[in-house]
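Trainee: Just one file: coords26.cif, with mmCIF, C-alpha atoms and all ligand atoms.
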```cif
data_final
#
loop_
_atom_site.label_atom_id
_atom_site.label_comp_id
_atom_site.auth_asym_id
_atom_site.auth_seq_id
_atom_site.Cartn_x
_atom_site.Cartn_y
_atom_site.Cartn_z
CA MET H 18 -104.82 65.53 77.17
CA PRO H 19 -105.69 64.45 80.72
CA LYS H 20 -105.54 67.14 83.42
CA ILE H 21 -104.79 67.61 87.12
CA TYR H 22 -107.84 68.31 89.29
CA LEU H 23 -107.72 69.41 92.92
CA ILE H 24 -109.79 67.90 95.71
CA ASP H 25 -109.27 69.75 98.96
CA VAL H 26 -109.70 67.60 102.06
CA THR H 27 -109.28 70.27 104.77
CA ASN H 28 -112.85 69.71 105.95
CA ARG H 29 -112.16 65.98 106.37
CA ASP H 30 -108.46 65.19 106.93
CA GLY H 31 -107.81 68.67 108.36
CA VAL H 32 -110.52 68.50 111.01
CA GLN H 33 -109.75 64.91 112.05
CA THR H 34 -106.25 66.04 113.04
CA ALA H 35 -105.30 65.80 116.71
CA ARG H 36 -105.84 69.04 118.68
CA LEU H 37 -107.45 70.82 115.71
CA GLY H 38 -111.01 71.42 114.63
CA LEU H 39 -113.36 73.81 112.89
CA SER H 40 -116.84 75.04 113.67
CA LYS H 41 -119.55 74.17 111.17
CA LEU H 42 -119.69 77.80 110.05
CA GLU H 43 -115.90 77.78 109.54
CA LYS H 44 -116.14 74.59 107.46
CA THR H 45 -118.85 76.28 105.40
CA MET H 46 -116.68 79.36 104.82
CA ILE H 47 -113.88 77.08 103.61
CA ASN H 48 -116.25 75.50 101.06
CA ILE H 49 -117.27 78.98 99.91
CA TYR H 50 -113.64 80.09 99.55
CA LEU H 51 -112.62 76.87 97.75
CA ASN H 52 -115.48 77.50 95.36
CA GLU H 53 -114.32 81.08 94.77
CA MET H 54 -110.83 79.75 94.03
CA GLY H 55 -112.10 77.36 91.38
CA ILE H 56 -111.10 74.17 93.19
CA PHE H 57 -112.77 71.08 91.72
CA GLN H 58 -114.07 69.40 94.87
CA SER H 59 -114.18 69.78 98.63
CA GLU H 60 -114.23 66.63 100.73
CA PHE H 61 -116.65 68.40 103.03
CA GLY H 62 -117.16 65.96 105.86
CA PHE H 63 -118.38 62.74 107.38
CA PRO H 64 -121.99 61.79 106.49
CA THR H 65 -122.09 59.00 109.07
CA THR H 66 -121.18 61.37 111.92
CA ARG H 67 -124.33 62.72 113.51
CA HIS H 68 -123.11 66.20 114.39
CA GLU H 69 -122.16 66.69 110.73
CA ILE H 70 -125.66 66.04 109.38
CA ASN H 71 -127.10 69.57 109.60
CA TYR H 72 -123.87 71.08 108.30
CA LEU H 73 -123.69 68.69 105.32
CA ARG H 74 -127.35 69.20 104.45
CA ALA H 75 -127.03 72.98 104.77
CA ASN H 76 -124.00 73.05 102.46
CA LEU H 77 -125.80 70.95 99.86
CA GLU H 78 -128.59 73.51 100.11
CA LEU H 79 -126.05 76.26 99.45
CA ALA H 80 -124.94 74.32 96.38
CA GLU H 81 -128.54 73.96 95.30
CA ILE H 82 -129.20 77.70 95.45
CA GLY H 83 -125.93 78.42 93.62
CA VAL H 84 -123.90 79.88 96.52
CA ILE H 85 -121.43 76.98 96.41
CA LYS H 86 -121.23 76.20 92.72
CA PRO H 87 -119.61 74.62 90.71
CA LEU H 88 -117.49 73.19 93.57
CA ARG H 89 -118.37 69.55 94.15
CA LEU H 90 -119.12 68.54 97.71
CA GLY H 91 -118.00 64.98 98.50
CA GLY H 92 -118.36 62.92 101.64
CA TRP H 93 -115.91 60.42 103.12
CA ILE H 94 -117.02 57.09 104.57
CA ARG H 95 -115.69 53.59 105.16
CA ALA H 96 -116.15 51.23 102.22
CA ILE H 97 -118.78 49.07 103.87
CA PRO H 98 -122.46 48.81 102.88
CA ALA H 99 -123.59 49.83 106.39
CA ASP H 100 -121.86 53.22 106.05
CA VAL H 101 -123.44 53.75 102.65
CA GLU H 102 -126.87 53.06 104.12
CA THR H 103 -126.31 55.47 107.02
CA THR H 104 -124.98 58.11 104.63
CA PHE H 105 -128.07 58.17 102.44
CA ARG H 106 -130.34 58.11 105.48
CA ASN H 107 -128.51 61.08 107.03
CA VAL H 108 -127.78 63.08 103.89
CA PRO H 109 -130.08 61.86 101.09
CA ASP H 110 -128.97 64.52 98.60
CA ILE H 111 -125.27 63.73 98.68
CA ASP H 112 -123.90 63.14 95.17
CA HIS H 113 -120.20 62.41 95.60
CA LEU H 114 -118.59 59.87 97.91
CA SER H 115 -115.17 58.49 98.74
CA LEU H 116 -115.30 54.94 100.08
CA SER H 117 -112.21 54.06 102.08
CA ILE H 118 -110.68 50.73 103.04
CA SER H 119 -107.15 49.61 103.96
CA THR H 120 -105.31 47.55 101.37
CA SER H 121 -101.78 46.93 102.75
CA ASP H 122 -100.62 43.72 104.44
CA GLN H 123 -99.58 45.86 107.40
CA MET H 124 -103.13 47.14 107.87
CA ILE H 125 -104.81 43.84 107.02
CA ASN H 126 -102.69 42.03 109.61
CA GLY H 127 -102.12 44.87 112.06
CA LYS H 128 -105.54 46.52 112.03
CA PHE H 129 -108.03 43.83 111.02
CA GLN H 130 -105.89 41.20 112.83
CA GLY H 131 -107.08 38.19 110.86
CA ARG H 132 -110.71 39.26 110.64
CA LYS H 133 -110.40 40.15 106.95
CA THR H 134 -108.51 38.64 104.02
CA LYS H 135 -107.50 40.46 100.86
CA ASP H 136 -110.54 38.96 99.14
CA ASP H 137 -112.78 40.30 101.93
CA ILE H 138 -111.36 43.79 101.37
CA ILE H 139 -112.31 43.70 97.70
CA LYS H 140 -115.71 42.21 98.56
CA ASP H 141 -116.49 44.94 101.11
CA MET H 142 -115.37 47.64 98.71
CA THR H 143 -117.33 46.34 95.70
CA GLU H 144 -120.46 45.87 97.81
CA ALA H 145 -120.10 49.44 99.06
CA VAL H 146 -119.62 50.69 95.48
CA ASP H 147 -122.73 48.76 94.40
CA ALA H 148 -124.77 50.21 97.26
CA THR H 149 -123.55 53.74 96.50
CA ARG H 150 -124.42 53.35 92.82
CA ALA H 151 -127.84 51.97 93.72
CA ALA H 152 -128.46 54.97 95.97
CA GLY H 153 -127.93 57.23 92.98
CA ALA H 154 -124.52 58.82 93.65
CA GLU H 155 -123.04 60.79 90.78
CA SER H 156 -119.39 60.00 91.44
CA ILE H 157 -117.62 57.36 93.52
CA ALA H 158 -113.96 57.10 94.47
CA ALA H 159 -112.69 53.81 95.89
CA ASN H 160 -109.93 54.69 98.36
CA ALA H 161 -107.01 52.35 98.97
CA GLU H 162 -105.75 53.35 102.41
CA ASP H 163 -102.01 52.74 102.86
CA ALA H 164 -101.71 52.13 99.11
CA SER H 165 -98.01 53.02 99.16
CA ARG H 166 -97.32 49.99 101.38
CA THR H 167 -99.58 47.76 99.27
CA ASP H 168 -98.36 45.32 96.62
CA ILE H 169 -98.95 47.02 93.26
CA ASN H 170 -100.50 43.91 91.70
CA TYR H 171 -103.10 43.80 94.46
CA LEU H 172 -103.78 47.52 94.01
CA VAL H 173 -104.44 46.93 90.33
CA GLU H 174 -106.75 44.03 91.20
CA PHE H 175 -108.54 46.30 93.72
CA GLY H 176 -108.87 49.05 91.10
CA LEU H 177 -110.15 46.74 88.39
CA ALA H 178 -112.78 45.33 90.74
CA ALA H 179 -113.87 48.86 91.69
CA LYS H 180 -114.07 49.80 88.03
CA GLU H 181 -116.13 46.74 87.18
CA HIS H 182 -118.66 47.77 89.84
CA GLY H 183 -118.89 51.34 88.57
CA ALA H 184 -116.37 53.37 90.58
CA ASP H 185 -115.21 56.52 88.82
CA ARG H 186 -111.80 56.93 90.43
CA ILE H 187 -109.29 55.16 92.62
CA ARG H 188 -107.70 57.08 95.47
CA TYR H 189 -104.09 56.10 96.07
CA CYS H 190 -103.39 57.02 99.69
CA ASP H 191 -99.81 57.49 100.80
CA THR H 192 -101.27 57.37 104.27
CA LEU H 193 -97.93 57.44 106.11
CA GLY H 194 -96.03 59.71 103.73
CA TYR H 195 -93.81 56.76 102.83
CA ASP H 196 -93.50 57.30 99.07
CA ASN H 197 -90.89 59.30 97.20
CA THR H 198 -91.31 61.04 93.87
CA PHE H 199 -89.98 58.07 91.89
CA THR H 200 -92.07 55.36 93.57
CA ILE H 201 -95.30 57.35 93.40
CA TYR H 202 -94.71 58.29 89.77
CA ASP H 203 -94.30 54.59 88.92
CA ASN H 204 -97.33 53.48 90.94
CA GLY H 205 -99.51 56.28 89.55
CA ARG H 206 -98.54 55.42 86.02
CA THR H 207 -98.97 51.67 86.45
CA MET H 208 -102.42 52.10 88.01
CA ALA H 209 -103.57 54.53 85.32
CA GLU H 210 -102.37 52.21 82.55
CA LYS H 211 -103.59 48.92 84.01
CA ILE H 212 -106.85 50.03 85.65
CA GLY H 213 -107.85 52.61 83.07
CA LEU H 214 -109.52 54.99 85.54
CA PRO H 215 -108.51 58.41 86.86
CA ILE H 216 -106.29 58.13 89.95
CA GLU H 217 -106.32 60.38 93.03
CA LEU H 218 -103.11 61.07 94.92
CA HIS H 219 -103.53 61.50 98.66
CA CYS H 220 -100.13 62.31 100.12
CA HIS H 221 -98.97 62.89 103.68
CA ASN H 222 -95.95 64.87 104.74
CA ASP H 223 -94.17 62.63 107.27
CA LEU H 224 -90.96 62.84 105.23
CA GLY H 225 -91.57 66.39 103.99
CA MET H 226 -92.40 65.22 100.47
CA ALA H 227 -96.20 65.52 100.28
CA VAL H 228 -96.30 68.31 97.68
CA ALA H 229 -93.50 66.84 95.55
CA ASN H 230 -95.04 63.37 95.72
CA SER H 231 -98.49 64.69 94.76
CA ILE H 232 -97.07 66.36 91.67
CA ALA H 233 -94.88 63.38 90.73
CA GLY H 234 -97.80 60.99 91.22
CA ALA H 235 -100.02 63.17 89.04
CA MET H 236 -97.33 63.22 86.34
CA GLY H 237 -97.26 59.42 86.40
CA VAL H 238 -101.05 59.16 86.17
CA ILE H 239 -101.22 61.58 83.25
CA ASP H 240 -98.33 59.85 81.48
CA GLY H 241 -100.38 56.68 81.98
CA GLY H 242 -103.22 58.31 80.03
CA GLN H 243 -105.67 59.25 82.81
CA ASP H 244 -106.82 62.35 84.67
CA ALA H 245 -105.02 62.88 87.98
CA TYR H 246 -106.67 64.24 91.12
CA ILE H 247 -104.53 65.70 93.91
CA ASN H 248 -105.79 65.86 97.49
CA THR H 249 -104.73 69.02 99.32
CA THR H 250 -105.37 70.81 102.59
CA ILE H 251 -105.12 74.51 103.33
CA ASN H 252 -101.76 75.31 104.95
CA GLY H 253 -101.01 71.59 104.78
CA ILE H 254 -103.00 70.96 107.97
CA GLY H 255 -103.72 67.25 108.40
CA GLU H 256 -102.99 64.10 110.36
CA ARG H 257 -99.54 64.18 112.06
CA SER H 258 -97.15 66.16 109.81
CA GLY H 259 -100.00 67.09 107.52
CA ASN H 260 -101.00 66.76 103.88
CA ALA H 261 -100.01 68.38 100.61
CA ASP H 262 -100.52 72.13 101.00
CA LEU H 263 -103.13 73.53 98.61
CA ILE H 264 -101.23 76.68 97.67
CA ALA H 265 -97.86 74.94 97.29
CA VAL H 266 -99.43 72.30 95.01
CA ILE H 267 -100.92 75.03 92.80
CA LEU H 268 -97.61 76.92 92.74
CA ALA H 269 -95.67 73.74 91.93
CA ALA H 270 -98.08 72.82 89.14
CA LYS H 271 -97.91 76.33 87.66
CA LYS H 272 -94.34 77.42 88.35
CA SER H 273 -92.03 74.42 88.64
CA LYS H 274 -89.54 73.84 85.84
CA ASP H 275 -91.20 72.27 82.77
CA ILE H 276 -94.30 71.06 84.64
CA ALA H 277 -96.82 73.64 83.42
CA GLN H 278 -95.57 73.10 79.86
CA ARG H 279 -96.25 69.37 80.05
CA TYR H 280 -99.17 68.99 82.48
CA GLU H 281 -102.34 71.02 82.68
CA LEU H 282 -103.98 72.08 85.92
CA ALA H 283 -107.76 72.10 85.42
CA GLY H 284 -109.14 75.52 86.06
CA PRO H 285 -109.30 78.40 85.97
CA ILE H 286 -107.83 78.58 89.48
CA ALA H 287 -108.01 81.98 91.16
CA LEU H 288 -104.57 81.94 92.77
CA ASN H 289 -105.21 85.51 93.90
CA LYS H 290 -107.52 84.08 96.59
CA ALA H 291 -104.59 82.14 98.07
CA TYR H 292 -103.65 84.61 100.77
CA LYS H 293 -107.25 85.02 101.92
CA ILE H 294 -107.94 81.30 102.23
CA ALA H 295 -104.61 80.63 103.98
CA LYS H 296 -105.25 83.45 106.47
CA PHE H 297 -108.79 82.23 107.11
CA ALA H 298 -107.64 78.64 107.78
CA SER H 299 -104.95 79.97 110.11
CA TYR H 300 -107.55 82.03 112.01
CA ALA H 301 -110.09 79.20 112.11
CA PHE H 302 -107.67 76.44 113.18
CA GLU H 303 -105.83 78.92 115.42
CA VAL H 304 -102.54 77.74 113.88
CA PRO H 305 -100.13 80.43 112.64
CA ILE H 306 -98.91 80.23 109.04
CA PRO H 307 -95.21 79.27 109.21
CA ILE H 308 -92.99 82.26 108.39
CA ASN H 309 -91.45 80.36 105.45
CA GLN H 310 -94.68 78.88 104.04
CA PRO H 311 -94.56 78.89 100.20
CA GLY H 312 -96.38 81.91 98.81
CA VAL H 313 -98.30 82.87 101.93
CA GLY H 314 -95.69 82.90 104.74
CA SER H 315 -94.65 86.33 105.99
CA ASN H 316 -91.11 85.77 104.67
CA ALA H 317 -92.18 84.46 101.26
CA PHE H 318 -91.34 87.83 99.67
CA ALA H 319 -89.02 89.33 102.31
CA HIS H 320 -85.41 90.19 101.50
CA GLU H 321 -82.77 91.48 103.88
CA SER H 322 -79.26 90.34 103.02
CA GLY H 323 -77.31 92.83 100.90
CA ILE H 324 -76.93 90.86 97.70
CA HIS H 325 -80.56 89.65 97.69
CA ALA H 326 -82.08 93.04 98.55
CA ASP H 327 -79.99 94.76 95.91
CA GLY H 328 -80.85 92.08 93.35
CA VAL H 329 -84.59 92.09 93.98
CA LEU H 330 -84.72 95.89 93.86
CA LYS H 331 -83.04 95.85 90.44
CA ASP H 332 -85.35 93.13 89.15
CA PRO H 333 -87.71 91.07 91.37
CA GLU H 334 -87.17 88.05 89.14
CA ASN H 335 -83.57 87.92 90.32
CA TYR H 336 -84.73 86.44 93.64
CA GLU H 337 -88.48 85.80 93.32
CA LEU H 338 -89.95 82.96 91.30
CA TYR H 339 -93.42 84.53 91.26
CA ASN H 340 -95.04 87.80 92.22
CA TYR H 341 -96.80 88.40 95.54
CA GLU H 342 -99.74 90.02 93.75
CA GLU H 343 -100.50 86.73 92.02
CA LEU H 344 -101.35 85.30 95.45
CA GLY H 345 -103.59 88.19 96.41
CA ARG H 346 -100.97 89.83 98.65
CA GLY H 347 -99.78 93.38 98.79
CA GLU H 348 -102.72 95.22 100.29
CA ALA H 349 -102.16 96.90 103.63
CA GLU H 350 -104.03 95.22 106.47
CA PHE H 351 -106.09 97.32 108.83
CA VAL H 352 -105.52 96.62 112.51
CA GLU H 353 -107.58 98.51 115.07
CA THR H 354 -105.35 100.01 117.75
CA GLY H 355 -107.97 102.08 119.54
CA ARG H 356 -111.40 101.29 120.95
CA GLU H 357 -112.88 98.10 119.60
CA ILE H 358 -116.37 96.64 119.82
CA CYS H 359 -116.51 92.88 119.20
CA THR H 360 -119.33 90.48 118.57
CA GLY H 361 -119.63 87.70 121.11
CA GLU H 362 -121.83 85.10 122.67
CA TYR H 363 -122.94 87.58 125.38
CA GLY H 364 -123.17 90.58 123.05
CA GLY H 365 -126.12 92.98 122.92
CA ILE H 366 -128.01 94.70 120.16
CA SER H 367 -126.28 98.07 120.23
CA GLY H 368 -122.72 96.69 120.07
CA PHE H 369 -123.79 94.27 117.35
CA SER H 370 -125.47 96.96 115.23
CA HIS H 371 -122.30 99.07 115.59
CA VAL H 372 -120.08 96.19 114.39
CA MET H 373 -122.34 95.51 111.41
CA SER H 374 -122.44 99.18 110.39
CA LYS H 375 -118.61 99.39 110.45
CA LEU H 376 -118.03 96.50 108.05
CA GLU H 377 -116.40 97.15 104.70
CA ALA H 378 -119.82 96.28 103.23
CA PRO H 379 -121.98 97.75 106.03
CA VAL H 380 -125.21 95.99 106.96
CA LYS H 381 -128.20 98.03 108.08
CA PHE H 382 -131.19 96.12 109.42
CA PRO H 383 -134.75 97.16 108.48
CA ASP H 384 -135.87 96.91 112.10
CA ARG H 385 -134.79 95.90 115.57
CA GLU H 386 -136.49 92.54 115.28
CA LYS H 387 -134.42 91.53 112.26
CA ALA H 388 -131.23 92.73 113.95
CA SER H 389 -132.08 90.67 117.05
CA GLU H 390 -132.66 87.57 114.95
CA ILE H 391 -129.23 87.88 113.32
CA LEU H 392 -127.55 88.76 116.62
CA GLU H 393 -128.95 85.59 118.17
CA LEU H 394 -127.36 83.52 115.39
CA VAL H 395 -124.07 85.40 115.75
CA ARG H 396 -124.09 84.61 119.47
CA TYR H 397 -124.50 80.91 118.73
CA ALA H 398 -121.76 81.05 116.09
CA ASN H 399 -119.51 82.57 118.74
CA VAL H 400 -120.41 79.88 121.22
CA GLU H 401 -119.36 77.29 118.68
CA SER H 402 -116.10 78.89 117.51
CA GLN H 403 -115.10 80.75 120.70
CA LYS H 404 -113.61 83.65 118.76
CA PRO H 405 -114.98 86.87 117.25
CA LEU H 406 -116.36 86.21 113.79
CA ILE H 407 -114.73 87.74 110.75
CA GLU H 408 -116.59 90.03 108.33
CA ASP H 409 -117.39 87.30 105.79
CA GLN H 410 -118.99 85.16 108.50
CA LEU H 411 -121.13 88.03 109.77
CA LEU H 412 -122.23 88.82 106.22
CA PHE H 413 -123.00 85.16 105.59
CA ILE H 414 -125.23 84.96 108.65
CA ALA H 415 -126.99 88.20 107.75
CA LYS H 416 -127.57 87.00 104.19
CA TYR H 417 -128.52 83.37 104.85
CA PRO H 418 -130.00 83.29 108.38
CA GLY H 419 -132.05 80.16 107.66
CA ILE H 420 -129.00 78.20 106.57
CA ALA H 421 -126.87 79.62 109.39
CA LYS H 422 -129.51 78.38 111.82
CA LYS H 423 -129.17 74.85 110.44
CA LEU H 424 -125.36 75.00 110.67
CA LEU H 425 -125.60 76.08 114.28
CA THR H 426 -128.13 73.44 115.30
CA LEU H 427 -126.04 70.84 117.07
CA THR H 428 -128.66 69.27 119.28
CA PRO H 429 -128.12 65.52 119.35
CA LEU H 430 -130.81 64.01 117.17
CA ALA H 431 -133.39 61.72 118.69
ZN ZN H 501 -105.08 61.41 104.97
#
```
As a first step, turn the structure in this file into structure tokens.
Mentor:
Amino acid sequence: MPKIYLIDVTNRDGVQTARLGLSKLEKTMINIYLNEMGIFQSEFGFPTTRHEINYLRANLELAEIGVIKPLRLGGWIRAIPADVETTFRNVPDIDHLSLSISTSDQMINGKFQGRKTKDDIIKDMTEAVDATRAAGAESIAANAEDASRTDINYLVEFGLAAKEHGADRIRYCDTLGYDNTFTIYDNGRTMAEKIGLPIELHCHNDLGMAVANSIAGAMGVIDGGQDAYINTTINGIGERSGNADLIAVILAAKKSKDIAQRYELAGPIALNKAYKIAKFASYAFEVPIPINQPGVGSNAFAHESGIHADGVLKDPENYELYNYEELGRGEAEFVETGREICTGEYGGISGFSHVMSKLEAPVKFPDREKASEILELVRYANVESQKPLIEDQLLFIAKYPGIAKKLLTLTPLA
């Protein structure tokens, strides 16, 4: 039976969102947390963007030494041979790529403005797939941008051409959040049946339907006999009104009426890491989690009105569909209300040693020299993120100083 796999695109769609961004260390922490959760793949960045190079290489190194494993790390580029060439020059060890090109009449006319025909689109894409294959990539997804506004027959033609040239998956992008559950189910099913490849669902939330559409699309793909891949972002952060929220997609796949009985989410997924990853993304993006966010919002398990409070006290299942402990919630959070020493870009050795010795897993340095080396990296990490680092980041730097140094090296390359 085909399954649903999750590809989180926070480190690609999330960071390309207006007004929002992540430091390279923050992107790395997200890959580490996605790996801990058992997510299938992280779309971890842009191999043709120069300031991403050290970060991408460093994360592949972390995969190599088993720190980020078995999570797949995939890059996103345009489906043109020139981008493939740049990618393998910048990041030679990259194994997984998504090659993106617009397929709708709107984009062909409105974006390319007569410079490309539908045949040119397929030609660019197949040449890019060929080049990626030749460069030795392990998996290739051909992305149809604005697929939901593309004629389905052309999408099938696009998919068949990609398949013929060795693509492993087709990404169906509902780039503008235009689909509904019925249309995306039909398109997912048709593509799975007629192309005969796994289909990825990339849904946006402009009409508030990203999670529902992702699930419905995946149901269509699986009913069409293929594996389905759902693109998510943490807290739904993404272009405009965002993408399908990672936690809500997992909850919907596991808890919605009849779905878990009929469709299998590939795993195991450690849902108990949900609260941690949502809180980290909120801290890193500096965007609060909405109070009513599924599973991780502060009201997700709060009850006040008489009938509800009484009901939930008698039996939580009266008014809760799932338990807060399943999401890794329920532990008291420690907030310092007295004197506090922070790490920072202008910090010194004594404050830093104090912070490190007070961590839940305290770090003691063998000598002052080692402490100074780590402090210097922490300073640079602070320069990049402009906020005090959290414990996991400090521990990461102390444990992998060589890799942290690469992440923090942002000097424009010659
Ligand atoms: Zn997108």
Trainee: Can you work out which one of H:Leu218, H:Val266, H:Ala388, H:Met373 has the shortest atom-to-atom distance to ligand ZN 501 (chain H), counting only C-alpha atoms and all ligand atoms?
Mentor: H:Leu218
Trainee: Using all atoms listed in the file, tabulate the residues of stretch 230-317 of chain H lying at most 12 Å from any atom of stretch 41-63 of chain H, each with its closest atom pair and that distance in Å to one decimal, by chain and increasing residue number, as a tab-separated table.
Mentor:
```
residue	atom	partner	partner_atom	distance
H:Ala245	CA	H:Phe57	CA	11.9
H:Tyr246	CA	H:Phe57	CA	9.2
H:Ile247	CA	H:Phe57	CA	10.1
H:Asn248	CA	H:Glu60	CA	9.1
H:Thr249	CA	H:Ser59	CA	9.5
H:Thr250	CA	H:Ser59	CA	9.7
H:Ile251	CA	H:Ile47	CA	9.1
H:Leu263	CA	H:Ile56	CA	9.7
H:Ile264	CA	H:Met54	CA	10.7
H:Val266	CA	H:Ile56	CA	12.0
H:Ile267	CA	H:Ile56	CA	10.2
H:Leu282	CA	H:Ile56	CA	10.4
H:Ala283	CA	H:Phe57	CA	8.1
H:Gly284	CA	H:Gly55	CA	6.4
H:Pro285	CA	H:Gly55	CA	6.2
H:Ile286	CA	H:Gly55	CA	4.8
H:Ala287	CA	H:Met54	CA	4.6
H:Leu288	CA	H:Met54	CA	6.8
H:Asn289	CA	H:Met54	CA	8.0
H:Lys290	CA	H:Met54	CA	6.0
H:Ala291	CA	H:Met54	CA	7.8
H:Tyr292	CA	H:Met54	CA	11.0
H:Lys293	CA	H:Tyr50	CA	8.4
H:Ile294	CA	H:Tyr50	CA	6.4
H:Ala295	CA	H:Ile47	CA	9.9
H:Lys296	CA	H:Ile47	CA	11.1
H:Phe297	CA	H:Ile47	CA	8.0
H:Ala298	CA	H:Ile47	CA	7.7
H:Ser299	CA	H:Glu43	CA	11.2
H:Tyr300	CA	H:Glu43	CA	9.7
H:Ala301	CA	H:Glu43	CA	6.5
H:Phe302	CA	H:Glu43	CA	9.1
H:Glu303	CA	H:Glu43	CA	11.7
```
Trainee: Just the selected residues (C-alpha atoms), exported as an mmCIF file, in the coordinates of the input, please.
Mentor:
```cif
data_model
loop_
_atom_site.group_PDB
_atom_site.id
_atom_site.type_symbol
_atom_site.label_atom_id
_atom_site.label_comp_id
_atom_site.auth_asym_id
_atom_site.auth_seq_id
_atom_site.Cartn_x
_atom_site.Cartn_y
_atom_site.Cartn_z
ATOM 1 C CA ALA H 245 -105.020 62.880 87.980
ATOM 2 C CA TYR H 246 -106.670 64.240 91.120
ATOM 3 C CA ILE H 247 -104.530 65.700 93.910
ATOM 4 C CA ASN H 248 -105.790 65.860 97.490
ATOM 5 C CA THR H 249 -104.730 69.020 99.320
ATOM 6 C CA THR H 250 -105.370 70.810 102.590
ATOM 7 C CA ILE H 251 -105.120 74.510 103.330
ATOM 8 C CA LEU H 263 -103.130 73.530 98.610
ATOM 9 C CA ILE H 264 -101.230 76.680 97.670
ATOM 10 C CA VAL H 266 -99.430 72.300 95.010
ATOM 11 C CA ILE H 267 -100.920 75.030 92.800
ATOM 12 C CA LEU H 282 -103.980 72.080 85.920
ATOM 13 C CA ALA H 283 -107.760 72.100 85.420
ATOM 14 C CA GLY H 284 -109.140 75.520 86.060
ATOM 15 C CA PRO H 285 -109.300 78.400 85.970
ATOM 16 C CA ILE H 286 -107.830 78.580 89.480
ATOM 17 C CA ALA H 287 -108.010 81.980 91.160
ATOM 18 C CA LEU H 288 -104.570 81.940 92.770
ATOM 19 C CA ASN H 289 -105.210 85.510 93.900
ATOM 20 C CA LYS H 290 -107.520 84.080 96.590
ATOM 21 C CA ALA H 291 -104.590 82.140 98.070
ATOM 22 C CA TYR H 292 -103.650 84.610 100.770
ATOM 23 C CA LYS H 293 -107.250 85.020 101.920
ATOM 24 C CA ILE H 294 -107.940 81.300 102.230
ATOM 25 C CA ALA H 295 -104.610 80.630 103.980
ATOM 26 C CA LYS H 296 -105.250 83.450 106.470
ATOM 27 C CA PHE H 297 -108.790 82.230 107.110
ATOM 28 C CA ALA H 298 -107.640 78.640 107.780
ATOM 29 C CA SER H 299 -104.950 79.970 110.110
ATOM 30 C CA TYR H 300 -107.550 82.030 112.010
ATOM 31 C CA ALA H 301 -110.090 79.200 112.110
ATOM 32 C CA PHE H 302 -107.670 76.440 113.180
ATOM 33 C CA GLU H 303 -105.830 78.920 115.420
#
```
Trainee: As lines of an AutoDock Vina configuration file, please: the centre and edge lengths in Å, to one decimal, of an axis-aligned box enclosing every listed atom of stretch 271-274 of chain H with 3 Å added on each side.
Mentor:
```
center_x = -93.7
center_y = 75.6
center_z = 87.2
size_x = 14.4
size_y = 9.6
size_z = 8.8
```
Trainee: As an exercise, work out the distance from atom CA of H:Val372 to atom CA of H:Arg356 in Å and give it to one decimal place.
Mentor: 12.0 Å
Trainee: When you look at stretch 131-139 of chain H with a cut-off of 10 Å (counting all atoms listed in the file), what residues show up, excluding the ones that are within fewer than 4 positions of it in the same chain? I need them as a list in words.
Mentor: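 After dropping sequence-adjacent residues, the list is Ala96, Ile97, Ile118, Ser119, Thr120, Ser121, Asp122, Ile125, Asn126, Gly127, Thr143, Glu144, Ala145, Ala161, Tyr171, Glu174, Phe175, Gly176, Ala178 and Ala179 of chain H.
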Trainee: Could the residues of chain H that have an atom at most 12 Å from ligand ZN 501 (chain H) be listed as CSV, each with its closest atom pair and the distance in Å to one decimal, counting all atoms listed in the file and ordered by chain and ascending residue number?
Mentor:
```
residue,atom,partner,partner_atom,distance
H:Asp25,CA,H:ZN501,ZN,11.1
H:Val26,CA,H:ZN501,ZN,8.3
H:Thr27,CA,H:ZN501,ZN,9.8
H:Asn28,CA,H:ZN501,ZN,11.4
H:Arg29,CA,H:ZN501,ZN,8.5
H:Asp30,CA,H:ZN501,ZN,5.4
H:Gly31,CA,H:ZN501,ZN,8.5
H:Val32,CA,H:ZN501,ZN,10.8
H:Gln33,CA,H:ZN501,ZN,9.2
H:Thr34,CA,H:ZN501,ZN,9.4
H:Glu60,CA,H:ZN501,ZN,11.4
H:Trp93,CA,H:ZN501,ZN,11.0
H:Ser117,CA,H:ZN501,ZN,10.6
H:Asn160,CA,H:ZN501,ZN,10.6
H:Ala161,CA,H:ZN501,ZN,11.0
H:Glu162,CA,H:ZN501,ZN,8.5
H:Asp163,CA,H:ZN501,ZN,9.4
H:Ala164,CA,H:ZN501,ZN,11.5
H:Arg188,CA,H:ZN501,ZN,10.8
H:Tyr189,CA,H:ZN501,ZN,10.4
H:Cys190,CA,H:ZN501,ZN,7.1
H:Asp191,CA,H:ZN501,ZN,7.8
H:Thr192,CA,H:ZN501,ZN,5.6
H:Leu193,CA,H:ZN501,ZN,8.3
H:Gly194,CA,H:ZN501,ZN,9.3
H:Leu218,CA,H:ZN501,ZN,10.2
H:His219,CA,H:ZN501,ZN,6.5
H:Cys220,CA,H:ZN501,ZN,7.0
H:His221,CA,H:ZN501,ZN,6.4
H:Asn222,CA,H:ZN501,ZN,9.8
H:Asp223,CA,H:ZN501,ZN,11.2
H:Ala227,CA,H:ZN501,ZN,10.9
H:Ile247,CA,H:ZN501,ZN,11.9
H:Asn248,CA,H:ZN501,ZN,8.7
H:Thr249,CA,H:ZN501,ZN,9.5
H:Thr250,CA,H:ZN501,ZN,9.7
H:Gly253,CA,H:ZN501,ZN,11.0
H:Ile254,CA,H:ZN501,ZN,10.2
H:Gly255,CA,H:ZN501,ZN,6.9
H:Glu256,CA,H:ZN501,ZN,6.4
H:Arg257,CA,H:ZN501,ZN,9.4
H:Ser258,CA,H:ZN501,ZN,10.4
H:Gly259,CA,H:ZN501,ZN,8.0
H:Asn260,CA,H:ZN501,ZN,6.8
H:Ala261,CA,H:ZN501,ZN,9.7
```
